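Source file: upload-v3.csv (CSV, C-alpha atoms)
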chain,number,residue,atom,x,y,z
D,1,MET,CA,42.6,16.4,10.3
D,2,ASN,CA,40.3,17.8,13.0
D,3,VAL,CA,36.8,18.5,11.8
D,4,GLU,CA,34.9,21.1,13.8
D,5,ARG,CA,31.5,19.9,14.9
D,6,ARG,CA,28.9,22.7,14.8
D,7,THR,CA,25.9,22.4,16.9
D,8,PRO,CA,22.9,24.4,15.7
D,9,ASN,CA,21.3,26.9,17.9
D,10,LEU,CA,18.5,25.2,19.9
D,11,ARG,CA,15.9,27.5,18.3
D,12,GLY,CA,16.9,26.0,14.9
D,13,LEU,CA,16.7,22.4,15.9
D,14,GLY,CA,13.2,22.1,14.2
D,15,ASP,CA,15.2,22.4,10.9
D,16,VAL,CA,17.5,19.6,12.0
D,17,VAL,CA,14.6,17.3,12.8
D,18,ARG,CA,13.0,18.0,9.4
D,19,ARG,CA,16.3,17.4,7.6
D,20,VAL,CA,16.8,14.1,9.4
D,21,ALA,CA,13.2,13.0,8.8
D,22,LEU,CA,13.4,13.9,5.1
D,23,GLU,CA,16.7,12.1,4.5
D,24,VAL,CA,15.5,8.9,6.2
D,25,ALA,CA,12.2,9.1,4.3
D,26,ARG,CA,14.3,9.3,1.1
D,27,GLY,CA,16.1,6.2,2.2
D,28,ARG,CA,19.4,8.1,2.9
D,29,ASP,CA,19.9,6.9,6.5
D,30,VAL,CA,23.7,7.4,6.4
D,31,GLU,CA,23.3,11.1,5.6
D,32,ALA,CA,20.7,11.5,8.4
D,33,ALA,CA,23.1,9.7,10.8
D,34,ARG,CA,25.8,12.2,10.0
D,35,VAL,CA,23.5,15.1,10.9
D,36,VAL,CA,22.7,13.3,14.2
D,37,ASP,CA,26.4,12.8,14.9
D,38,SER,CA,27.1,16.5,14.5
D,39,LEU,CA,24.9,17.3,17.6
D,40,ASP,CA,26.1,17.5,21.1
D,41,ALA,CA,24.1,15.8,24.0
D,42,VAL,CA,22.0,18.8,24.8
D,43,ALA,CA,21.0,19.5,21.2
D,44,LEU,CA,20.3,15.7,20.7
D,45,GLU,CA,17.8,15.7,23.5
D,46,GLU,CA,16.0,18.7,22.1
D,47,VAL,CA,15.9,17.0,18.7
D,48,VAL,CA,14.3,13.9,20.3
D,49,ARG,CA,11.8,16.1,22.1
D,50,VAL,CA,10.8,18.0,19.0
D,51,ALA,CA,10.6,14.7,16.9
D,52,GLN,CA,8.4,13.1,19.5
D,53,ALA,CA,6.1,16.1,19.6
D,54,GLU,CA,5.8,16.1,15.8
D,55,GLY,CA,5.3,12.4,15.4
D,56,LEU,CA,8.7,12.0,13.6
D,57,LEU,CA,10.5,9.9,16.3
D,58,PRO,CA,10.5,6.6,14.2
D,59,LEU,CA,12.5,8.5,11.5
D,60,VAL,CA,15.0,9.9,14.0
D,61,ALA,CA,15.3,6.4,15.4
D,62,ALA,CA,16.3,5.0,12.0
D,63,ALA,CA,19.1,7.6,11.9
D,64,GLY,CA,20.0,7.0,15.5
D,65,LEU,CA,20.7,3.3,14.8
D,66,LEU,CA,23.6,4.3,12.5
D,67,ALA,CA,24.9,7.3,14.5
D,68,GLY,CA,28.1,6.4,16.4
D,69,ARG,CA,28.9,9.5,18.4
D,70,HIS,CA,26.3,9.0,21.2
D,71,PRO,CA,26.8,5.7,23.0
D,72,THR,CA,23.3,5.3,24.4
D,73,LEU,CA,21.5,6.5,21.3
D,74,SER,CA,21.5,3.2,19.5
D,75,GLU,CA,19.9,1.4,22.4
D,76,ARG,CA,17.2,4.1,22.8
D,77,ALA,CA,16.6,4.1,19.0
D,78,GLU,CA,16.0,0.3,19.1
D,79,ALA,CA,13.4,0.8,21.7
D,80,TRP,CA,11.7,3.5,19.7
D,81,MET,CA,11.8,1.3,16.6
D,82,ARG,CA,10.3,-1.6,18.4
D,83,GLU,CA,7.4,0.6,19.6
D,84,ALA,CA,6.9,2.0,16.1
D,85,VAL,CA,6.8,-1.6,14.7
D,86,ARG,CA,4.3,-2.7,17.3
D,87,ARG,CA,2.0,0.2,16.5
D,88,ASP,CA,2.5,-0.5,12.8
D,89,LEU,CA,1.4,-4.1,13.2
D,90,ALA,CA,-1.7,-2.9,15.0
D,91,VAL,CA,-2.5,-0.6,12.1
D,92,ASP,CA,-2.1,-3.5,9.7
D,93,ARG,CA,-4.5,-5.6,11.7
D,94,LEU,CA,-7.1,-2.8,11.9
D,95,LEU,CA,-6.8,-2.1,8.1
D,96,ARG,CA,-7.2,-5.8,7.3
D,97,GLN,CA,-10.3,-6.1,9.5
D,98,ALA,CA,-12.0,-3.0,7.9
D,99,SER,CA,-10.9,-3.9,4.3
D,100,ASP,CA,-12.2,-7.5,4.6
D,101,LEU,CA,-15.6,-6.3,5.9
D,102,LEU,CA,-16.1,-3.6,3.2
D,103,GLU,CA,-14.9,-5.8,0.4
D,104,ARG,CA,-17.2,-8.6,1.3
D,105,ALA,CA,-20.1,-6.1,1.4
D,106,GLY,CA,-19.1,-4.7,-2.0
D,107,VAL,CA,-18.5,-1.1,-0.6
D,108,PRO,CA,-15.8,0.6,-2.7
D,109,PHE,CA,-13.2,2.5,-0.7
D,110,LEU,CA,-9.8,4.2,-1.1
D,111,LEU,CA,-6.8,4.4,1.2
D,112,VAL,CA,-6.1,8.1,2.0
D,113,LYS,CA,-3.4,10.1,3.8
D,114,GLY,CA,-1.0,8.1,6.0
D,115,THR,CA,-2.9,4.8,5.4
D,116,CYS,CA,-1.7,5.0,1.8
D,117,PHE,CA,1.6,7.0,2.3
D,118,ARG,CA,3.1,4.6,4.8
D,119,ASP,CA,3.6,2.0,2.1
D,120,THR,CA,4.3,4.3,-0.8
D,121,LEU,CA,6.4,7.2,0.4
D,122,TYR,CA,8.6,5.7,3.1
D,123,PRO,CA,11.2,2.9,3.1
D,124,ALA,CA,9.3,1.0,5.7
D,125,SER,CA,5.7,1.4,6.9
D,126,TRP,CA,6.7,1.7,10.6
D,127,MET,CA,8.5,4.9,9.8
D,128,ARG,CA,5.2,6.7,9.2
D,129,LEU,CA,3.6,7.1,12.6
D,130,MET,CA,-0.2,6.7,12.5
D,131,ALA,CA,-2.8,8.1,14.8
D,132,ASP,CA,-5.7,6.3,13.0
D,133,VAL,CA,-6.6,4.6,9.7
D,134,ASP,CA,-8.3,6.7,7.1
D,135,LEU,CA,-10.6,5.3,4.4
D,136,LEU,CA,-12.6,7.3,1.7
D,137,VAL,CA,-16.0,6.2,0.5
D,138,SER,CA,-18.7,7.9,-1.6
D,139,ARG,CA,-21.3,10.0,0.2
D,140,ALA,CA,-24.0,7.5,-0.8
D,141,ASP,CA,-22.0,4.7,0.9
D,142,LEU,CA,-21.1,6.5,4.1
D,143,GLY,CA,-24.0,5.2,6.1
D,144,ARG,CA,-23.8,1.7,4.6
D,145,SER,CA,-20.1,1.4,5.3
D,146,VAL,CA,-20.6,2.3,9.0
D,147,ARG,CA,-23.4,-0.3,9.3
D,148,VAL,CA,-21.2,-2.9,7.7
D,149,LEU,CA,-18.3,-2.1,10.0
D,150,GLU,CA,-20.6,-2.1,13.1
D,151,GLY,CA,-21.9,-5.5,12.0
D,152,GLY,CA,-18.3,-6.8,12.0
D,153,GLY,CA,-17.5,-5.6,15.6
D,154,PHE,CA,-16.5,-2.0,15.2
D,155,TRP,CA,-18.5,0.5,17.2
D,156,ALA,CA,-19.2,4.1,16.3
D,157,ARG,CA,-17.6,6.8,18.5
D,158,SER,CA,-19.4,10.0,19.4
D,159,SER,CA,-16.6,12.4,18.3
D,160,TYR,CA,-18.3,15.6,19.5
D,161,PRO,CA,-21.2,14.8,21.9
D,162,THR,CA,-21.9,18.5,22.3
D,163,ARG,CA,-22.5,18.9,18.6
D,164,PRO,CA,-25.1,16.2,17.7
D,165,PHE,CA,-26.5,18.0,14.7
D,166,SER,CA,-23.1,18.8,13.1
D,167,MET,CA,-22.0,15.2,13.6
D,168,ARG,CA,-25.3,13.8,12.2
D,169,HIS,CA,-24.6,15.6,8.9
D,170,SER,CA,-20.8,15.2,9.0
D,171,LEU,CA,-18.9,13.6,6.1
D,172,GLU,CA,-16.7,11.7,8.6
D,173,ARG,CA,-17.4,8.8,11.0
D,174,GLN,CA,-15.1,7.6,13.7
D,175,LEU,CA,-15.2,3.9,14.8
D,176,ASP,CA,-13.3,2.0,17.4
D,177,ALA,CA,-11.9,-1.3,16.2
D,178,PRO,CA,-12.5,-4.6,18.1
D,179,GLY,CA,-8.8,-5.0,18.9
D,180,GLY,CA,-8.2,-1.4,19.6
D,181,GLY,CA,-7.4,1.5,17.4
D,182,LEU,CA,-9.3,4.2,15.6
D,183,LEU,CA,-10.8,4.0,12.1
D,184,GLU,CA,-12.0,7.1,10.3
D,185,VAL,CA,-14.4,6.8,7.3
D,186,HIS,CA,-14.5,9.9,5.2
D,187,ALA,CA,-16.8,11.0,2.3
D,188,GLY,CA,-14.6,14.0,1.6
D,189,PRO,CA,-11.4,15.8,2.8
D,190,THR,CA,-13.3,17.7,5.5
D,191,TYR,CA,-16.3,16.8,7.6
D,192,GLU,CA,-18.6,19.6,6.5
D,193,PRO,CA,-20.9,19.0,3.5
D,194,GLN,CA,-20.3,22.6,2.3
D,195,GLY,CA,-17.5,24.6,0.8
D,196,LEU,CA,-15.8,22.4,-1.8
D,197,ALA,CA,-16.7,21.3,-5.3
D,198,MET,CA,-14.8,18.0,-5.1
D,199,ASP,CA,-15.4,15.6,-7.9
D,200,LEU,CA,-15.6,12.5,-5.7
D,201,ASP,CA,-16.9,10.2,-8.6
D,202,GLY,CA,-13.9,11.3,-10.6
D,203,VAL,CA,-11.5,10.6,-7.7
D,204,PHE,CA,-12.8,7.0,-7.6
D,205,ALA,CA,-12.6,6.6,-11.3
D,206,ARG,CA,-9.0,7.8,-11.4
D,207,ALA,CA,-7.8,5.7,-8.4
D,208,VAL,CA,-4.5,4.0,-8.6
D,209,ARG,CA,-3.3,0.6,-7.3
D,210,VAL,CA,-1.0,0.8,-4.2
D,211,PRO,CA,0.4,-2.1,-2.1
D,212,ARG,CA,-2.7,-2.5,0.2
D,213,GLY,CA,-5.5,-1.5,-2.2
D,214,LEU,CA,-6.6,1.5,-4.2
D,215,ALA,CA,-5.8,5.1,-3.5
D,216,PRO,CA,-6.6,8.5,-5.1
D,217,ALA,CA,-4.4,9.4,-8.1
D,218,TRP,CA,-1.4,11.4,-6.8
D,219,GLU,CA,-2.7,14.7,-8.1
D,220,ASP,CA,-6.0,14.1,-6.3
D,221,HIS,CA,-4.2,13.0,-3.2
D,222,LEU,CA,-2.1,16.2,-3.0
D,223,LEU,CA,-5.3,18.2,-3.3
D,224,PHE,CA,-6.9,16.1,-0.6
D,225,VAL,CA,-3.9,16.7,1.8
D,226,ALA,CA,-4.1,20.5,1.0
D,227,VAL,CA,-7.8,20.8,1.8
D,228,HIS,CA,-7.4,18.7,4.9
D,229,GLN,CA,-4.6,20.9,6.2
D,230,ALA,CA,-6.5,24.0,5.3
D,231,ARG,CA,-9.5,22.8,7.4
D,232,THR,CA,-7.2,22.0,10.4
D,233,GLY,CA,-6.1,25.7,10.3
D,234,MET,CA,-2.6,24.6,9.2
D,235,LEU,CA,-2.0,23.4,12.8
D,236,ALA,CA,-1.7,19.6,12.2
D,237,GLY,CA,2.1,19.6,12.7
D,238,VAL,CA,4.9,18.8,10.3
D,239,ARG,CA,4.1,15.3,9.4
D,240,PRO,CA,1.4,16.0,6.7
D,241,PHE,CA,3.8,18.5,5.1
D,242,LEU,CA,6.5,15.8,5.0
D,243,ASP,CA,4.0,13.5,3.3
D,244,ALA,CA,3.4,16.2,0.7
D,245,ALA,CA,7.2,16.8,0.2
D,246,ARG,CA,7.7,13.1,-0.4
D,247,LEU,CA,4.7,12.8,-2.7
D,248,ILE,CA,6.1,15.6,-4.8
D,249,GLU,CA,9.6,14.0,-4.9
D,250,ALA,CA,8.6,10.4,-5.3
D,251,CYS,CA,5.6,10.6,-7.6
D,252,SER,CA,5.5,11.9,-11.2
D,253,LEU,CA,2.9,14.6,-10.8
D,254,ASP,CA,1.2,16.1,-13.8
D,255,TRP,CA,1.5,19.8,-12.6
D,256,LYS,CA,-0.9,21.1,-15.3
D,257,VAL,CA,-3.6,18.6,-14.3
D,258,LEU,CA,-3.0,19.4,-10.7
D,259,ALA,CA,-3.4,23.1,-11.2
D,260,GLU,CA,-6.5,22.7,-13.4
D,261,ARG,CA,-8.1,20.3,-10.9
D,262,ALA,CA,-7.4,22.6,-8.0
D,263,ARG,CA,-9.1,25.5,-9.7
D,264,SER,CA,-12.0,23.3,-10.7
D,265,TRP,CA,-12.5,22.1,-7.1
D,266,GLY,CA,-12.1,25.7,-5.8
D,267,CYS,CA,-9.1,24.9,-3.6
D,268,ALA,CA,-6.2,26.4,-5.6
D,269,THR,CA,-5.4,28.8,-2.7
D,270,ALA,CA,-5.2,25.9,-0.3
D,271,VAL,CA,-2.8,24.0,-2.6
D,272,PHE,CA,-0.7,27.1,-3.1
D,273,TYR,CA,-0.1,27.5,0.6
D,274,LEU,CA,0.5,23.8,1.1
D,275,LEU,CA,3.2,23.9,-1.6
D,276,GLU,CA,4.7,27.2,-0.2
D,277,THR,CA,4.9,25.7,3.2
D,278,VAL,CA,6.6,22.5,1.9
D,279,ARG,CA,9.1,24.8,0.1
D,280,CYS,CA,9.8,26.6,3.4
D,281,LEU,CA,10.1,23.5,5.6
D,282,PHE,CA,11.9,21.1,3.3
D,283,GLY,CA,13.2,23.1,0.3
D,284,THR,CA,11.1,21.0,-2.1
D,285,GLU,CA,11.2,22.3,-5.6
D,286,VAL,CA,7.9,23.3,-7.2
D,287,PRO,CA,7.6,24.8,-10.7
D,288,ALA,CA,7.3,28.6,-10.5
D,289,ALA,CA,4.6,28.6,-13.2
D,290,VAL,CA,2.4,26.3,-11.1
D,291,LEU,CA,2.7,28.5,-8.0
D,292,ALA,CA,1.9,31.6,-10.2
D,293,ARG,CA,-1.2,29.9,-11.5
D,294,LEU,CA,-2.4,28.8,-8.1
D,295,ALA,CA,-1.6,32.0,-6.2
D,296,PRO,CA,-4.5,34.1,-4.8
D,297,GLY,CA,-4.8,37.8,-5.5
D,298,GLY,CA,-6.3,40.9,-3.9
D,299,TRP,CA,-7.3,41.2,-0.3
D,300,ARG,CA,-7.1,37.5,0.3
D,301,ALA,CA,-3.5,37.3,-0.7
D,302,ALA,CA,-2.6,40.1,1.7
D,303,ALA,CA,-4.6,38.6,4.5
D,304,LEU,CA,-3.2,35.1,4.1
D,305,GLN,CA,0.4,36.4,3.8
D,306,ALA,CA,-0.2,38.2,7.1
D,307,LEU,CA,-1.5,35.1,8.7
D,308,LEU,CA,0.6,32.3,7.2
D,309,LEU,CA,3.6,33.2,5.1
D,310,ARG,CA,5.7,36.3,4.5
D,311,GLY,CA,7.0,36.5,1.0
D,312,ALA,CA,4.8,33.8,-0.4
D,313,GLY,CA,5.5,33.2,-4.1
D,314,ASP,CA,9.1,34.5,-3.8
D,315,PRO,CA,11.4,32.3,-5.8
D,316,ALA,CA,13.7,32.1,-2.8
D,317,GLY,CA,10.8,30.8,-0.6
D,318,GLY,CA,8.7,32.6,1.9
D,319,ARG,CA,9.1,32.6,5.7
D,320,LEU,CA,6.7,30.7,7.9
D,321,ARG,CA,5.0,32.7,10.6
D,322,ALA,CA,4.6,31.0,14.0
D,323,ALA,CA,1.7,28.6,14.2
D,324,PRO,CA,-1.1,30.9,15.5
D,325,LEU,CA,-3.2,29.7,18.4
D,326,ARG,CA,-1.5,26.3,18.6
D,327,GLY,CA,-2.0,25.2,22.2
D,328,GLY,CA,-4.2,28.3,22.8
D,329,PRO,CA,-7.7,28.5,24.2
D,330,ALA,CA,-10.2,26.1,22.6
D,331,PHE,CA,-12.8,28.8,21.7
D,332,LEU,CA,-10.1,30.7,19.7
D,333,TYR,CA,-9.0,27.6,18.0
D,334,ASP,CA,-12.6,26.9,17.0
D,335,VAL,CA,-12.9,30.4,15.5
D,336,TRP,CA,-9.5,30.3,13.8
D,337,ARG,CA,-9.9,27.0,11.9
D,338,PRO,CA,-13.2,27.8,10.0
D,339,SER,CA,-12.1,31.4,9.4
D,340,LEU,CA,-8.8,30.4,7.8
D,341,TYR,CA,-10.5,27.6,5.8
D,342,ALA,CA,-13.0,30.1,4.4
D,343,LEU,CA,-10.1,32.4,3.4
D,344,LEU,CA,-8.4,29.5,1.6
D,345,LEU,CA,-11.5,28.7,-0.5
D,346,ASP,CA,-11.3,30.3,-3.9
D,347,ARG,CA,-14.9,31.3,-4.6
D,348,ALA,CA,-17.2,33.7,-2.7
D,349,GLY,CA,-20.3,31.5,-3.0
D,350,PRO,CA,-18.8,28.3,-1.3
D,351,ARG,CA,-17.1,30.5,1.2
D,352,ILE,CA,-20.4,32.1,2.3
D,353,ALA,CA,-22.2,28.7,2.2
D,354,PHE,CA,-19.5,27.2,4.4
D,355,LEU,CA,-19.5,30.0,7.0
D,356,ALA,CA,-23.3,29.9,7.0
D,357,TRP,CA,-23.3,26.1,7.6
D,358,VAL,CA,-20.8,26.4,10.4
D,359,ALA,CA,-22.7,29.2,12.1
D,360,GLY,CA,-26.1,27.6,11.6
D,361,SER,CA,-25.0,24.1,12.7
D,362,ARG,CA,-23.3,25.4,15.8
D,363,ALA,CA,-26.5,27.3,16.7
D,364,VAL,CA,-28.6,24.2,16.3
D,365,ASP,CA,-26.1,22.2,18.3
D,366,GLY,CA,-26.3,24.8,21.1
D,367,CYS,CA,-30.1,24.6,21.2
D,368,LEU,CA,-30.0,20.8,21.2
D,369,SER,CA,-27.4,20.7,24.0
D,370,TRP,CA,-29.9,22.7,26.1
D,371,VAL,CA,-33.1,21.0,24.9
D,372,GLU,CA,-32.0,17.4,25.1
D,373,PRO,CA,-30.8,17.4,28.7
D,374,SER,CA,-34.0,19.4,29.7
D,375,ALA,CA,-36.2,16.9,27.9
D,376,MET,CA,-34.4,14.0,29.6
D,377,LEU,CA,-34.8,15.7,33.0
D,378,ALA,CA,-38.5,16.4,32.3
D,379,ASN,CA,-39.0,12.7,31.2
D,380,ALA,CA,-37.3,11.5,34.4
D,381,VAL,CA,-39.5,13.7,36.6
D,382,LEU,CA,-42.7,12.5,34.8
D,383,LYS,CA,-41.7,8.9,35.2
D,384,ARG,CA,-41.0,9.3,38.9
D,385,SER,CA,-44.3,11.1,39.3
D,386,ALA,CA,-46.1,8.3,37.5
D,387,ARG,CA,-44.6,5.7,39.7
D,388,ALA,CA,-45.5,7.6,42.8
D,389,PHE,CA,-49.1,8.0,41.7
D,390,ASN,CA,-49.4,4.3,40.8
D,391,ASN,CA,-48.1,3.5,44.4
D,392,GLY,CA,-50.9,5.6,45.8
D,393,LEU,CA,-48.6,8.4,46.9
D,394,THR,CA,-49.0,12.1,46.4
D,395,PRO,CA,-46.7,13.1,43.5
Let me see whether you can do it: turn the structure in this file into structure tokens.
Amino acid sequence: MNVERRTPNLRGLGDVVRRVALEVARGRDVEAARVVDSLDAVALEEVVRVAQAEGLLPLVAAAGLLAGRHPTLSERAEAWMREAVRRDLAVDRLLRQASDLLERAGVPFLLVKGTCFRDTLYPASWMRLMADVDLLVSRADLGRSVRVLEGGGFWARSSYPTRPFSMRHSLERQLDAPGGGLLEVHAGPTYEPQGLAMDLDGVFARAVRVPRGLAPAWEDHLLFVAVHQARTGMLAGVRPFLDAARLIEACSLDWKVLAERARSWGCATAVFYLLETVRCLFGTEVPAAVLARLAPGGWRAAALQALLLRGAGDPAGGRLRAAPLRGGPAFLYDVWRPSLYALLLDRAGPRIAFLAWVAGSRAVDGCLSWVEPSAMLANAVLKRSARAFNNGLTP
């Protein structure tokens, strides 16, 4: 019997990439390989391009190893897999270095985001591509953890040299590892000290054991991902939403606790839009009662639906709008992210405090970026004049 092979329209190949990635993440490589085999050569190349852009290429590689229709795909997939394994070993090495230093110094820390998910939500850790290693510490331990890591060979990176004041008060520190790689130490899901009533002590008290250490309880972790995505302006790509989809599928979430904690932290709206986006992208089932409890109302609901999702809250699932400003001018990106995050905060007080902090810290950064170079120039001129005077020359 002849079976007709249907190649999706190229515009819809993002859906194919997400389907393949989700099936492989579920451990269903054969089903994913069948999807790959249904593509013609042109569509396959587009799928590879999209997967590479979204950081999902290792998952497509796992499906490609079993696909039989495209003769050269297996060979390419092996190369992609070897590269993913190489990067995964580097992540392992960096995580061991940081963990050993912090444990010897007695600094409590939790594995967050991909650092935890690679071992818990995917069949093999190399399938979850990592840009950096993320650790969570308490605010009180943030400075101490950096000093401990620097004493062990890590060195602090100046993430935003044009924003010295903001970075000085940031809840995130970036460090380069001795053998290469980036380590991010967080004291919250965002780097601003304002905007969220996160119970960080409770997060540490509720921590669960995972293969390489401790991590936030799954309900806390989903909230962490939601807030982090909200602060990025929902522009961080598909991979965090795949993490959320797998977390919902693979972990026994207490939805009542999750909803109550989201409202307590003031991030129910952010969690609502994370869950709605996961429903749109992956068809993940979320209890309707939970969505109803988390959904915003009034003018914020209308504004966010116009910006992010049409038909949010519809049992059939909303429709994603195109990612706004992705790849656009940097100054628009800098305006979009804090503005959307403020909309996603539940309460007016933290919203105003967050926007005031962003505006005030940027203003201070602007002054310092002008004052510090001017002071350095004046200091250089004074030193040169002093040397000339001491040499008996006219300044």
What does the distance from atom CA of Phe272 of chain D to atom CA of Val227 of chain D come to in Å, to one decimal? 10.7 Å
Between D:Leu129, D:Leu59, D:Leu196, D:Ala303, single out the one closest to Ser339 of chain D, counting all atoms listed in the file.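 For Ser339 of chain D, the nearest of the candidates is D:Ala303.
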To one decimal in Å, tell me the separation between atom CA of Val107 of chain D and atom CA of Val210 of chain D.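 Atom-to-atom, atom CA of Val107 of chain D to atom CA of Val210 of chain D, that is 18.0 Å.
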How close does segment 138-211 of chain D get to segment 232-240 of chain D? List, as a Markdown table, each residue of segment 138-211 of chain D within 12 Å, its nearest atom pair and the distance in Å to one decimal, counting all atoms listed in the file.
| residue | atom | partner | partner_atom | distance |
| --- | --- | --- | --- | --- |
| D:Pro189 | CA | D:Thr232 | CA | 10.7 |
| D:Thr190 | CA | D:Thr232 | CA | 8.9 |
| D:Tyr191 | CA | D:Thr232 | CA | 10.8 |
Which value, in Å to one decimal, gives the distance between atom CA of Ala90 of chain D and atom CA of Met127 of chain D?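 Going from atom CA of Ala90 of chain D over to atom CA of Met127 of chain D covers 13.9 Å.
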I'd like the contact shell of Asp141 of chain D - 12 Å cut-off, all atoms listed in the file, skipping same-chain residues fewer than 2 positions apart - returned as a compact mmCIF listing (two decimals) with C-alpha atoms, keeping the file's coordinate frame.
# COMPACT_ATOMS: atom_id res chain seq x y z
CA LEU D 102 -16.10 -3.60 3.20
CA ALA D 105 -20.10 -6.10 1.40
CA GLY D 106 -19.10 -4.70 -2.00
CA VAL D 107 -18.50 -1.10 -0.60
CA PRO D 108 -15.80 0.60 -2.70
CA PHE D 109 -13.20 2.50 -0.70
CA LEU D 135 -10.60 5.30 4.40
CA LEU D 136 -12.60 7.30 1.70
CA VAL D 137 -16.00 6.20 0.50
CA SER D 138 -18.70 7.90 -1.60
CA ARG D 139 -21.30 10.00 0.20
CA GLY D 143 -24.00 5.20 6.10
CA ARG D 144 -23.80 1.70 4.60
CA SER D 145 -20.10 1.40 5.30
CA VAL D 146 -20.60 2.30 9.00
CA ARG D 147 -23.40 -0.30 9.30
CA VAL D 148 -21.20 -2.90 7.70
CA LEU D 149 -18.30 -2.10 10.00
CA LEU D 171 -18.90 13.60 6.10
CA GLU D 172 -16.70 11.70 8.60
CA ARG D 173 -17.40 8.80 11.00
CA VAL D 185 -14.40 6.80 7.30
CA HIS D 186 -14.50 9.90 5.20
CA ALA D 187 -16.80 11.00 2.30
CA GLY D 188 -14.60 14.00 1.60
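Remark: for Arg18 of chain D, the closest of the candidate residues D:Leu89, D:Ala215, D:Ala292, D:Cys280 is D:Cys280 (distances computed over only C-alpha atoms).
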Nearby residues (only C-alpha atoms) at most 8 Å from Leu344 of chain D, same-chain spacing under 4 positions excluded, as a list in words: Ala230, Cys267, Thr269, Ala270 and Leu340 of chain D
Taking 4 positions as the minimum chain separation for residues in the same chain, which residues sit within 12 Å of Glu285 of chain D when counting all atoms listed in the file? Answer as a short mmCIF file (atom, residue, chain, number, x, y, z; two decimals) with C-alpha atoms, in the frame of the given file.
data_model
loop_
_atom_site.label_atom_id
_atom_site.label_comp_id
_atom_site.auth_asym_id
_atom_site.auth_seq_id
_atom_site.Cartn_x
_atom_site.Cartn_y
_atom_site.Cartn_z
CA ALA D 244 3.40 16.20 0.70
CA ALA D 245 7.20 16.80 0.20
CA ARG D 246 7.70 13.10 -0.40
CA LEU D 247 4.70 12.80 -2.70
CA ILE D 248 6.10 15.60 -4.80
CA GLU D 249 9.60 14.00 -4.90
CA LEU D 275 3.20 23.90 -1.60
CA GLU D 276 4.70 27.20 -0.20
CA THR D 277 4.90 25.70 3.20
CA VAL D 278 6.60 22.50 1.90
CA ARG D 279 9.10 24.80 0.10
CA CYS D 280 9.80 26.60 3.40
CA LEU D 281 10.10 23.50 5.60
CA ALA D 289 4.60 28.60 -13.20
CA VAL D 290 2.40 26.30 -11.10
CA LEU D 291 2.70 28.50 -8.00
CA PRO D 315 11.40 32.30 -5.80
CA ALA D 316 13.70 32.10 -2.80
CA GLY D 317 10.80 30.80 -0.60
#
Enumerate, as a PyMOL selection string, the protein, DNA and RNA residues whose atoms approach (-12.1, -2.1, 10.5) to within 10 Å, taking into account only C-alpha atoms and the coordinate frame of the file. chain D and resi 91+93-102+133+135+146+148-150+152-155+175-185
Have segment 230-241 of chain D completed to N, CA and C atoms, please, and pass it along as a compact mmCIF listing (two decimals), in the frame of the given file.
# COMPACT_ATOMS: atom_id res chain seq x y z
N ALA D 230 -5.84 22.72 5.25
CA ALA D 230 -6.50 24.00 5.30
C ALA D 230 -7.63 23.97 6.38
N ARG D 231 -8.36 22.85 6.45
CA ARG D 231 -9.50 22.80 7.40
C ARG D 231 -8.98 22.62 8.84
N THR D 232 -7.77 22.11 9.03
CA THR D 232 -7.20 22.00 10.40
C THR D 232 -6.62 23.37 10.84
N GLY D 233 -6.66 24.38 9.96
CA GLY D 233 -6.10 25.70 10.30
C GLY D 233 -4.55 25.66 10.16
N MET D 234 -4.02 24.73 9.35
CA MET D 234 -2.60 24.60 9.20
C MET D 234 -1.87 24.30 10.50
N LEU D 235 -2.58 23.64 11.42
CA LEU D 235 -2.00 23.40 12.80
C LEU D 235 -1.82 21.93 13.05
N ALA D 236 -1.81 21.08 12.01
CA ALA D 236 -1.70 19.60 12.20
C ALA D 236 -0.28 19.15 12.39
N GLY D 237 0.69 20.06 12.50
CA GLY D 237 2.10 19.60 12.70
C GLY D 237 2.79 19.46 11.37
N VAL D 238 4.02 18.94 11.46
CA VAL D 238 4.90 18.80 10.30
C VAL D 238 4.64 17.61 9.47
N ARG D 239 4.14 16.55 10.06
CA ARG D 239 4.10 15.30 9.40
C ARG D 239 3.28 15.31 8.05
N PRO D 240 2.11 15.97 7.98
CA PRO D 240 1.40 16.00 6.70
C PRO D 240 2.23 16.77 5.61
N PHE D 241 3.02 17.77 6.03
CA PHE D 241 3.80 18.50 5.10
C PHE D 241 5.01 17.61 4.58
